[in-house]
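**Student:** Let me begin by handing over the structure; questions about it come next.
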4 protein chains.
Amino acid sequence: MRYLTAGESHGPALTAIVDGVPAGLKISEDQINSDLARRQSGYGRGGRQAIERDRVRVTSGVRFGRTIGSPVALTVANRDWENWTDRMAAFGDVPSDLMREVCPRPGHADLVGALKTNTDDCRNILERASARETAARVAAAGIAREFLAELGVEVFSYVASIGDVSLDEDDPMLAAPDYKPLDIELSDVRCPDEEATEAMKAAIDAAREAGESLGGTFRVVATGLLPGVGGYATAGERLTGRIGAALFSIPAIKGVEFGLGFQAARRPGSQVHDPIELDPKAGFTRTRNNAGGLEGGMTTGMPLIVTAAMKPIPTLMTPLSTVNLDTLEPEEASRERSDVCAVPACAVVAEAEVAIVLADAYLEKFGHDNMTDIKAAVKSYRQRLRTLSR
Amino acid sequence: MRYLTAGESHGPALTAIVDGVPAGLKISEDQINSDLARRQSGYGRGGRQAIERDRVRVTSGVRFGRTIGSPVALTVANRDWENWTDRMAAFGDVPSDLMREVCPRPGHADLVGALKTNTDDCRNILERASARETAARVAAAGIAREFLAELGVEVFSYVASIGDVSLDEDDPMLAAPDYKPLDIELSDVRCPDEEATEAMKAAIDAAREAGESLGGTFRVVATGLLPGVGGYATAGERLTGRIGAALFSIPAIKGVEFGLGFQAARRPGSQVHDPIELDPKAGFTRTRNNAGGLEGGMTTGMPLIVTAAMKPIPTLMTPLSTVNLDTLEPEEASRERSDVCAVPACAVVAEAEVAIVLADAYLEKFGHDNMTDIKAAVKSYRQRLRTLSR
Amino acid sequence: MRYLTAGESHGPALTAIVDGVPAGLKISEDQINSDLARRQSGYGRGGRQAIERDRVRVTSGVRFGRTIGSPVALTVANRDWENWTDRMAAFGDVPSDLMREVCPRPGHADLVGALKTNTDDCRNILERASARETAARVAAAGIAREFLAELGVEVFSYVASIGDVSLDEDDPMLAAPDYKPLDIELSDVRCPDEEATEAMKAAIDAAREAGESLGGTFRVVATGLLPGVGGYATAGERLTGRIGAALFSIPAIKGVEFGLGFQAARRPGSQVHDPIELDPKAGFTRTRNNAGGLEGGMTTGMPLIVTAAMKPIPTLMTPLSTVNLDTLEPEEASRERSDVCAVPACAVVAEAEVAIVLADAYLEKFGHDNMTDIKAAVKSYRQRLRTLSR
Amino acid sequence: MRYLTAGESHGPALTAIVDGVPAGLKISEDQINSDLARRQSGYGRGGRQAIERDRVRVTSGVRFGRTIGSPVALTVANRDWENWTDRMAAFGDVPSDLMREVCPRPGHADLVGALKTNTDDCRNILERASARETAARVAAAGIAREFLAELGVEVFSYVASIGDVSLDEDDPMLAAPDYKPLDIELSDVRCPDEEATEAMKAAIDAAREAGESLGGTFRVVATGLLPGVGGYATAGERLTGRIGAALFSIPAIKGVEFGLGFQAARRPGSQVHDPIELDPKAGFTRTRNNAGGLEGGMTTGMPLIVTAAMKPIPTLMTPLSTVNLDTLEPEEASRERSDVCAVPACAVVAEAEVAIVLADAYLEKFGHDNMTDIKAAVKSYRQRLRTLSR
C-alpha cells in the first residue's frame with residue numbers, strides 16, 4: 001500500500017491515490033471524515049480551519065462500502081478555492097493585478113523552493129509545501145487504518161508537550177498504550193491529562209499574545225501488532241527506517257524517537273533492553289517496552305511507540321527578516337496563515353503516516369489480494385507462533 | 001546511487017554493489033580502507049575489531065582508479081571466516097556438533113527474526129542483523145564520498161555524548177561545522193574535545209567494570225552543500241525523510257534530530273527559524289542554522305547537521321533474562337561479542353548513510369552519466385543562483 | 001516522471017497523478033483534450049465512445065498554463081456515470097436489484113481477477129481492467145508530451161495492420177519517421193495510406209457483420225531524440241525493458257518489437273546492424289535504422305520505432321463459452337461493450353506510454369527541477385557531443 | 001525477490017546479490033552450475049566459452065544448503081581474468097601500452113555508451129554491456145528457480161528458429177508445454193526436434209563460413225502456475241509488463257510475444273480467446289491457451305508461453321563500417337568475440353529472467369518470510385479456489 005498526493009493549498013482540491021489496497025475491506029466515509037476533523041482541531045489554530053471542515057470524496061476503488069481491489073482515489077475539496085480561482089487558475093493569463101509572493105518566510109520551503117524551481121513567485125512553492133497537503137495524507141491513511149483495525153491494530157496519538165509545557169509521565173513506554181483515545185480527543189490539545197491540557201492552552205495563549213508560535217512533541221502508539229512485521233535483512237526493510245522516513249516526510253518534524261529514544265543513549269545497557277519472557281497465554285513477551293515495540297527493524301509484538309518533535313509554525317505575526325526577491329533588499333517575511341500551534345493536528349498526520357507504513361508491512365508479510373486470504377494468513381501465522389511449530 | 005549489501009558476520013565476506021555511479025569519478029582504495037579503519041576504531045571495542053582490520057576489494061566498475069559507469073562491487077573479507085567454515089558453510093551437512101543459538105538476546109533481532117524466518121537457530125538471524133554488516137555500507141559509501149568531495153561536499157561526524165557524559169557545546173549548530181576532522185579522529189572516542197574525550201573514556205571503563213554497555217549520541221555534518229537539493233513536492237523526495245530513513249536503518253539507532261531537533265519543539269518560533277540574508281559573496285544565506293541545513297525537505301546551503309542516538313550494545317557480560325527456544329525455560333541471554341561501546345564507530349556508519357543519500361539527491365538533480373556533465377550542470381546552477389537569472 | 005491512475009469505467013471519474021514534473025513547462029488543456037479525442041476515435045468503435053467525449057480537468061500542479069513543480073492531478077469525468085450511480089456507488093447498500101456479472105468473458109481479467117480478489121461479481125474486476133482506464137494514461141502523458149516537445153522530441157503512431165490487412169511498407173524503419181501525423185489522423189483507422197485505410201475499414205465491416213472483433217498492429221515513432229538516453233549498465237535502466245514494460249502494461253498488447261523485431265532474428269548479422277557514420281552536421285549517425293533507435297538499451301539518436309500487436313477485443317457479439325460462477329454451469333460470456341476494433345485508439349495509448357518513459361529517461365539524464373536548468377543541460381550535452389570534447 | 005549484478009567481462013568476477021529471499025529454501029550449487037553450463041552451451045559458440053566453464057560461489061544467505069532469509073551473494077569468477085589484470089586493473093596507472101577500443105561496433109552499446117559516459121575507450125562500455133553479464137543473472141535466478149520448483153513451477157526454454165530455419169510446430173501453444181527438457185538439452189541448439197536441430201546447425205555452419213552471425217527465436221515456458229499471480233489493477237503490477245521488461249532487459253532481444261503474439265493481431269476474436277471450462281479435477285481451465293497463460297496481467301493457471309527474438313551477434317568476422325573515435329575517419333568495427341550464434345544460450349538467460357519475475361510475483365502474493373508460511377498460504381489459496389469458498 002502506498003499513496004501519492006497532489007493539490008495546492010488554495011487550488012480546487014487535494015487528491016490522493018492509494019494503490020495496493022486489498023479487496024473486501026470495509027471502508028467508512030465517516031471514519032475518514034472524523035480523522036480529517038481531528039486534523040483540523042486543536043487549540044491554537046487560526047481562522048482557516050474554520051472555513052474548511054474537510055470532507056472526503058471517494059471516487060474509485062470502493063463499491064457499496066468495500067474496496068474492490070483497485071486503487072482508491074480520494075479528494076478533499078478546498079472550500080476557500082472560490083476566493084482564489086483567479087490567483088490559482090490552472091489555465092489562462094496571469095491576472096494583471098496578481099500579487100506575487102516575493103518575501104520568502106524563514107523556516108518554510110519558500111526561498112529554496114523558488115531557487116530550485118526558478119520562479120519569481122514563492123506562492124508556487126508555498127501552495128504545495130503547505131501543511132494543507134497533509135489532509136490528503138490523512139484521507140489516504142483512512143484506508144490503512146481500516147485495514148489495520150480489521151486485524152486488531154489500533155493507531156492513536158497524543159501530545160506530550162507544547163513549547164516548554166510537558167505532560168508529566170513516569171514511564172511513557174508503559175503509560176502510553178493505556179491512554180484512552182476518548183480522553184485524548186476530548187482534550188483541546190489532544191493530551192490525555194486535564195492539568196497538562198490547561199497548562200498547554202495557557203502556553204498557547206501566551207504565545208499568541210507575544211506574536212509567537214509554538215511547536216511541541218507527540219507520540220504515536222500502535223497496539224495489537226504481531227511480532228515479525230518489517231525486516232532486518234536489508235537496510236530498506238527495517239521498519240525503523242520506514243517509519244522514520246514517513247514521520248520525517250511531514251513538514252515541520254525535526255526529531256523522531258523510537259521507544260526511549262535519546263534517553264536510551266544515556267542509560268547503561270541493562271536498563272535499556274527488554275528481557276524476554278514466555279507468557280502461557282500471550283506467548284513471547286517482554287517485561288518492559290523500552291524498545292518501543294521494534295527490535296532489529298521488526299515489530300516485537302509490544303506496542304509501537306514513536307515520539308516526534310514539531311518545530312513552531314514559521315509564519316509569525318512578528319515576522320523574521322528576509323530578503324525581497326524583487327528588490328533584493330532586506331524585508332519582513334510574508335504572513336501566510338495565523339495558527340499559533342498545530343501540534344495536536346500534526347500528531348493526527350503522524351498517525352496517518354505510521355498507519356500507512358504498518359499496513360504496507362503487513363501486506364508484504366501476508367499478501368495483499370483480499371481480506372479473506374490475508375486473514376487466513378494472519379491466523380495461520382498466529383497459530384504457528386503459538387504452537388512454536390516449524 | 002543506491003547500494004545493496006550481502007554477507008554474514010562470520011561468512012567468507014561482506015559484499016556491496018553500488019549502482020547509479022557516474023563515470024569518470026576518481027576512487028581511492030586507501031580512502032575507503034581508511035573509512036573502514038575508522039569504523040573499527042574507538043575506545044570500548046572488544047577483541048574482534050583487532051582480528052579484522054578490514055580491507056576493501058573492488059571487483060568491478062572501477063578501472064585505473066576511475067569509475068567507468070557500471071555498478072561497483074566491493075567485498076570486505078571476514079578474517080575470522082577460517083574459524084567458522086564448518087559452522088557457517090553455505091553447503092554440506094549440518095555439523096553433528098553444531099551449537100545452535102537458542103537463547104535470543106534482548107535488544108537484538110534474535111527472537112523476532114527466528115519467529116519470522118521459522119528457524120531453530122538464532123545464529124541465522126544474528127549473523128546478518130549484526131553490526132558487522134555496516135562495514136559493507138561504509139565501503140559502499142566510499143563511492144558516494146568521493147563523488148561529493150569532487151563537488152566540494154565534505155561529510156564528517158563526531159561523538160556528542162557517551163552514556164551520561166556529554167560534550168559541552170554552547171550552540172552545536174554553529175560549532176559543529178567548524179570542528180576539525182583531525183581533532184575528531186585523534187580522539188579515542190571521536191570527540192573533538194580532549195576533556196570530554198577523557199570523561200567518555202572513563203565512563204566506558206566504568207561500564208566495562210560493571211559488566212555494562214553504553215550508547216551515546218553523535219552528529220553527522222555535511223558542508224559545502226548547494227541549496228535546493230532534495231525536494232518538497234512529494235513526501236518521498238524530502239531529504240528529511242530520506243536521511244531519516246537512512247539513519248534509522250542503522251542497527252541500534254533509536255533517535256534522530258535535524259538541527260535543533262527536540263529543542264526546536266521547546267522554543268518559540270522567533271528563536272527557531274533562521275532569518276534570511278543576501279550576502280554579496282555567498283548569495284542567499286542565514287544568520288543562524290537552527291534548521292540544521294534543511295528547510296522544506298531541501299538543503300538550504302547551510303551545513304547539514306543531524307544528531308542520532310545509539311542505544312547501548314545489547315550483548316552484556318551480565319546478560320538479561322530470556323527464554324531458551326528449545327526448553328522454553330527462562331535462561332540468560334547468549335553473549336555474542338564484547339564491545340562495551342560502539343558509538344564512535346556507529347557515527348562513521350552514519351556518515352556513510354548520509355553520504356549516500358546526499359550523493360543520490362545530487363545525481364537526481366544534476367544527472368548521473370559522468371563527472372564532466374555533472375560538473376557542468378553544477379556550475380551552471382551555481383551561476384544561475386549567483387545572478388538570479390531566470 | 002511517473003503516473004498513478006485510479007478510476008472505474010462507470011465510476012464518477014478517472015484520476016491520474018503525475019509526479020516528478022519539472023517546473024516552468026507550458027501545458028495546454030486543448031492538447032490533452034485532442035489526445036483524448038484521438039483515443040476515442042477510430043472506425044470500428046461502438047456506441048460508448050460517442051457518449052463520452054472526454055475532457056481533462058487539471059486540479060493541481062499547473063498555474064496560468066505552466067507547471068509549478070508539484071504533482072499534476074488530472075481527472076476525466078465518466079459522462080455515463082449518472083446512469084450508474086446506484087450500481088457503482090462507493091457507499092451505501094447493495095441495490096436489491098443489482099445484476100452481478102457472473103459469466104466471466106474469456107480474454108478478459110474477469111475470471112482470474114474474481115478468483116484473486118475473492119468476489120462474486122466480475123464487475124468489480126471489469127470496471128478496472130477495462131480499456132477505459134487508458135484515458136487516464138493518455139491524460140497523464142499529456143504532461144510528458146509537452147515536455148518532450150519542448151526538447152524537440154515528437155511522438156506519434158500509426159496503424160500498420162488490422163486483422164489480416166496490412167499497410168504495404170517496403171522498409172518501415174526508413175518510412176515510418178517520414179509519415180505525416182496529419183495524414184495519419186485524417187485516416188479513419190489512423191493509417192497513413194488511403195488504400196490501406198479503405199481495406200482496413202472493409203475488414204472491420206466484415207468482422208462486424210460476422211459478430212467478430214479484430215486486432216492489429218501499430219507502430220509508435222519518436223523523432224528528435226538525443227543519443228545516450230537510457231542506460232546499459234544495469235538491467236533496470238535499459239530503455240528496451242522500460243518501453244517494453246510500458247507497452248505490455250496496456251491491456252490487449254500481446255507482442256512488442258523494437259526496430260526490425262522478429263525480422264532481425266531471421267536475417268544474418270550484416271543485414272541487421274546499422275553502420276556508423278560521422279556526418280559533418282548531424283554528428284554520429286547511421287546509414288540505416290534496423291535497430292529502431294535503440295542500442296545497448298540507449299537511444300542512438302535515430303528515430304525510435306516500436307511495433308506492437310493488439311489482440312482482438314474479447315467481447316464478442318457471438319460470445320465464447322464460459323462458466324457461470326453462481327451455477328457453475330457452462331454459459332455464454334457476458335457482453336460488456338461492442339467495439340469491433342480499437343487498434344487506432346490503442347496506438348494513441350501506446351504513444352502515451354512511450355512518451356512517459358522517454359520523458360522519465362530525459363529527466364533522469366538532465367535533472368528535473370525546472371525547464372531552464374534542463375534546457376541548459378541539454379544544450380551543454382549537445383555541445384559536448386558536437387565538439388567531442390571531453 | 002530482486003537482483004542486482006556487477007562485473008565486467010574481463011574483470012575478476014561477476015557478482016550478483018539477490019534480496020527478498022525467503023528462509024528455509026533448499027539451494028543446490030550443482031543446479032546453479034548446471035544452469036551456468038547450459039548458458040555456455042550451444043552450437044555456434046566461439047572459443048571463449050571453452051575457457052570459462054563457469055562455477056558459482058555463494059558467499060552469503062545460504063547455510064548448510066538452505067537460505068536463511070538474508071540476501072544471497074553469488075560470484076562467478078572470470079577464468080580469463082589472469083590475462084587481463086593489467087588492462088582491467090581497478091587501481092593503478094593506465095598501462096603505457098594499453099590499446100584503447102576506438103572503433104565502436106554497430107549493434108553494440110559501444111558508441112552511444114562512450115558518448116554518454118564521456119570516455120575515449122569503448123572498452124569501458126563493452127566490458128559491461130557484454131553478454132557475459134548474463135551469467136550473473138543466471139546464477140541469481142538459480143534462487144528463484146529453486147523457489148518455484150518447490151511450489152511446483154517449472155521453467156524451461158527451447159529454440160524455435162535460428163536464422164531462417166524454424167522448428168515446425170502446428171500449434172506451439174499446445175505443443176510447447178509438452179516438450180521434454182531432456183530432449184531440449186540433448187540438442188546442440190536446444191531445440192526439441194532432431195531434424196530441426198540438424199538444419200539449424202547447418203545454418204550456423206553456413207553463416208560461419210560466410211563470416212556472418214545469426215539470431216533466432218526461442219520460447220520460455222512455465223508450467224504448474226497458480227491462477228491469479230500478478231495483477232490488473234495498476235499498470236505496474238501486470239505480469240505482461242514485468243516479464244516484458246525482464247526479457248527486453250537482455251541484450252540483443254528485439255521482440256517479445258505472449259501466447260499467439262503477433263498472430264493474435266491477425267485472427268478474428270473468436271479464434272483468439274480461450275473459452276473457459278470447469279474441470280471437476282483441475283477447477284477452472286481453458287480449452288486452449290492462445291493467451292499464453294496470461295489474461296489481464298495475471299496468470300490464468302495455463303502454461304506461460306513467451307516467445308522472444310534475438311538479433312544476430314553484432315561482432316562480425318567481416319565487420320561493418322564505423323568511425324574511429326580518435327581519427328574520426330571511417331574504419332572497420334572491432335572484433336571482440338567470435339560466436340556465430342548464441343540463441344540457445346540466450347534462451348537460458350530468458351528462463352532466468354522469467355523465473356525471477358514469477359518468483360517475485362509469488363512472493364508478493366503469498367508473503368516472503370519463510371517457506372513454511374509460504375507453502376501454508378499457497379495451500380490455503382488452492383483450497384479456496386477448489387471449493388470456491390468465499
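Chain labels A, B, ... are given in the sequence in which chains occur in the C-alpha cells; within each chain residues are numbered consecutively from 1, and ligands are likewise numbered from 1 in the order shown.
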Using only C-alpha atoms, what table do you get, as a Markdown table, when you list each residue of chain C with an atom no more than 9 Å from chain B, its nearest pair of atoms, and their distance in Å rounded to one decimal, rows by chain then rising number?
**Tutor:**
| residue | atom | partner | partner_atom | distance |
| --- | --- | --- | --- | --- |
| C:Asp19 | CA | B:Thr234 | CA | 7.9 |
| C:Gly20 | CA | B:Ala233 | CA | 8.4 |
| C:Gly69 | CA | B:Ala233 | CA | 7.0 |
| C:Ser70 | CA | B:Ala233 | CA | 5.0 |
| C:Pro71 | CA | B:Ala233 | CA | 6.9 |
| C:Tyr232 | CA | B:Ser70 | CA | 8.3 |
| C:Ala233 | CA | B:Ser70 | CA | 5.0 |
| C:Thr234 | CA | B:Pro71 | CA | 7.5 |
| C:Leu363 | CA | B:Gly367 | CA | 8.0 |
| C:Glu364 | CA | B:Gly367 | CA | 6.0 |
| C:Lys365 | CA | B:Gly367 | CA | 4.7 |
| C:Phe366 | CA | B:Gly367 | CA | 5.1 |
| C:Gly367 | CA | B:Lys365 | CA | 4.7 |
| C:His368 | CA | B:Lys365 | CA | 6.4 |
| C:Asp369 | CA | B:Lys365 | CA | 6.9 |
| C:Thr372 | CA | B:Arg390 | CA | 7.3 |
| C:Asp373 | CA | B:Tyr381 | CA | 7.1 |
| C:Ala376 | CA | B:Ser380 | CA | 7.7 |
| C:Ala377 | CA | B:Ala377 | CA | 6.1 |
| C:Ser380 | CA | B:Ala376 | CA | 7.7 |
| C:Tyr381 | CA | B:Asp373 | CA | 7.1 |
| C:Arg384 | CA | B:Asp373 | CA | 8.8 |
| C:Arg390 | CA | B:Thr372 | CA | 7.3 |
**Student:** Using C-alpha atoms, can you export the residues from the last selection as an mmCIF file, in the first residue's frame?
**Tutor:**
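Okay, this is what ended up in again23.cif:
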data_model
loop_
_atom_site.group_PDB
_atom_site.id
_atom_site.type_symbol
_atom_site.label_atom_id
_atom_site.label_comp_id
_atom_site.auth_asym_id
_atom_site.auth_seq_id
_atom_site.Cartn_x
_atom_site.Cartn_y
_atom_site.Cartn_z
ATOM 1 C CA ASP C 19 4.793 13.428 -10.164
ATOM 2 C CA GLY C 20 8.358 14.357 -10.916
ATOM 3 C CA GLY C 69 6.896 21.767 -9.833
ATOM 4 C CA SER C 70 4.268 19.989 -7.803
ATOM 5 C CA PRO C 71 2.401 16.840 -8.830
ATOM 6 C CA TYR C 232 23.231 -0.188 -20.438
ATOM 7 C CA ALA C 233 24.837 -0.707 -17.044
ATOM 8 C CA THR C 234 22.001 -2.492 -15.268
ATOM 9 C CA LEU C 363 14.671 13.826 -16.654
ATOM 10 C CA GLU C 364 16.993 11.213 -15.194
ATOM 11 C CA LYS C 365 19.724 12.326 -17.547
ATOM 12 C CA PHE C 366 19.226 16.079 -17.419
ATOM 13 C CA GLY C 367 17.750 16.725 -13.965
ATOM 14 C CA HIS C 368 14.134 17.522 -13.242
ATOM 15 C CA ASP C 369 13.875 20.760 -11.331
ATOM 16 C CA THR C 372 15.530 26.425 -17.566
ATOM 17 C CA ASP C 373 18.060 24.120 -15.970
ATOM 18 C CA ALA C 376 20.776 24.321 -20.223
ATOM 19 C CA ALA C 377 21.856 20.742 -19.546
ATOM 20 C CA SER C 380 25.554 21.638 -22.920
ATOM 21 C CA TYR C 381 25.302 17.921 -23.765
ATOM 22 C CA ARG C 384 29.820 18.289 -25.934
ATOM 23 C CA ARG C 390 35.967 15.537 -23.006
#
**Student:** Taking only segment 238-321 of chain C into account, list the residues labelled alpha helix (DSSP H) by DSSP (computed from the backbone), as a list of chain:residue names.
**Tutor:** C:Leu239, C:Thr240, C:Gly241, C:Arg242, C:Ile243, C:Gly244, C:Ala245, C:Ala246, C:Leu247, C:Phe248
**Student:** For atom CA of Asp326 of chain B and atom CA of Thr117 of chain B, determine how far apart the two atoms are, in Å to one decimal place.
**Tutor:** 16.1 Å
**Student:** If you count only C-alpha atoms, which residues fall within 9 Å of segment 187-189 of chain D, apart from same-chain ones fewer than 3 positions away, as a list in words?
**Tutor:**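 Returned residues: Ser41, Gly42, Tyr43, Gly44, Tyr158, Val159, Ile162, Leu182, Asp183, Ile184, Pro192, Asp193, Glu194, Thr197, Glu198, Met200, Lys201, Val343, Pro344 and Ala345 of chain D.
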**Student:** Any idea what the distance is between atom CA of Gly211 of chain C and atom CA of Leu316 of chain C?
**Tutor:**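 Calculated distance between atom CA of Gly211 of chain C and atom CA of Leu316 of chain C is 6.5 Å.
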**Student:** Residues of segment 275-305 of chain B classed as strand (DSSP E or B) by DSSP on the backbone are to be reported as a PyMOL selection string.
**Tutor:** chain B and resi 276-279+283-286+294-295+298-299+304-305
**Student:** List as a PyMOL selection string the protein and nucleic acid residues near Pro268 of chain B, meaning an atom at most 7 Å away when only C-alpha atoms are counted, but skip any in the same chain fewer than 6 places from it.
**Tutor:** chain A and resi 163+212-214+312
**Student:** Suppose we keep N, CA, C and O atoms; can you now write the selection as a tab-separated table (two decimals), in the first residue's frame?
**Tutor:**
chain	number	residue	atom	x	y	z
A	163	GLY	N	5.55	23.72	23.46
A	163	GLY	CA	6.56	24.65	23.97
A	163	GLY	C	7.27	23.98	25.14
A	163	GLY	O	7.67	22.81	25.05
A	212	GLU	N	3.92	35.08	18.86
A	212	GLU	CA	4.81	33.94	18.66
A	212	GLU	C	4.05	32.71	18.17
A	212	GLU	O	2.81	32.71	18.11
A	213	SER	N	4.79	31.67	17.88
A	213	SER	CA	4.18	30.37	17.58
A	213	SER	C	4.90	29.33	18.43
A	213	SER	O	6.00	29.56	18.92
A	214	LEU	N	4.26	28.16	18.56
A	214	LEU	CA	4.85	27.10	19.39
A	214	LEU	C	4.85	25.76	18.68
A	214	LEU	O	3.90	25.43	17.97
A	312	PRO	N	8.07	25.07	15.80
A	312	PRO	CA	6.97	26.04	15.79
A	312	PRO	C	6.62	26.41	14.35
A	312	PRO	O	7.47	26.35	13.46
**Student:** Write out, as a Markdown table, each residue of segment 125-203 of chain A that has an atom at most 9 Å from segment 293-304 of chain A, together with the closest pair of atoms and their distance in Å to one decimal, counting only C-alpha atoms, rows going by chain and rising number.
**Tutor:**
| residue | atom | partner | partner_atom | distance |
| --- | --- | --- | --- | --- |
| A:Met173 | CA | A:Pro303 | CA | 8.6 |
| A:Ala176 | CA | A:Pro303 | CA | 8.8 |
| A:Pro177 | CA | A:Pro303 | CA | 6.6 |
**Student:** List the spatial neighbours of Glu154 of chain B as a list in words - criterion: any atom at most 10 Å away, only C-alpha atoms, same-chain residues fewer than 2 positions off excluded.
**Tutor:**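 So, after excluding close chain neighbours, the residues are Arg145, Glu146, Phe147, Leu148, Ala149, Glu150, Leu151, Gly152, Phe156, Val221, Ala222, Thr223, Gly224, Leu225, Pro303, Glu351 and Ala355 of chain B.
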**Student:** Give me the residues near segment 26-37 of chain A as a list in words, where near means some atom within 7 Å (using only C-alpha atoms) and where sequence neighbours in that chain fewer than 6 positions away do not count.
**Tutor:**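 Here the answer would be Arg53, Asp54, Arg55, Val56, Gly65, Arg66, Thr67, Ala135, Val138, Ala139, Gly142, Ile143 and Glu146 of chain A.
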**Student:** Write out as a VMD selection string each polymer residue whose atoms come within 12 Å of Glu329 of chain D, counting only C-alpha atoms; drop sequence neighbours fewer than 2 positions from it.
**Tutor:** (chain C and resid 276 to 280 284) or (chain D and resid 102 to 103 321 to 327 331 to 333)
**Student:** Do you have the atom CA of Val58 of chain D-atom CA of Ala13 of chain B distance handy?
**Tutor:** 10.3 Å
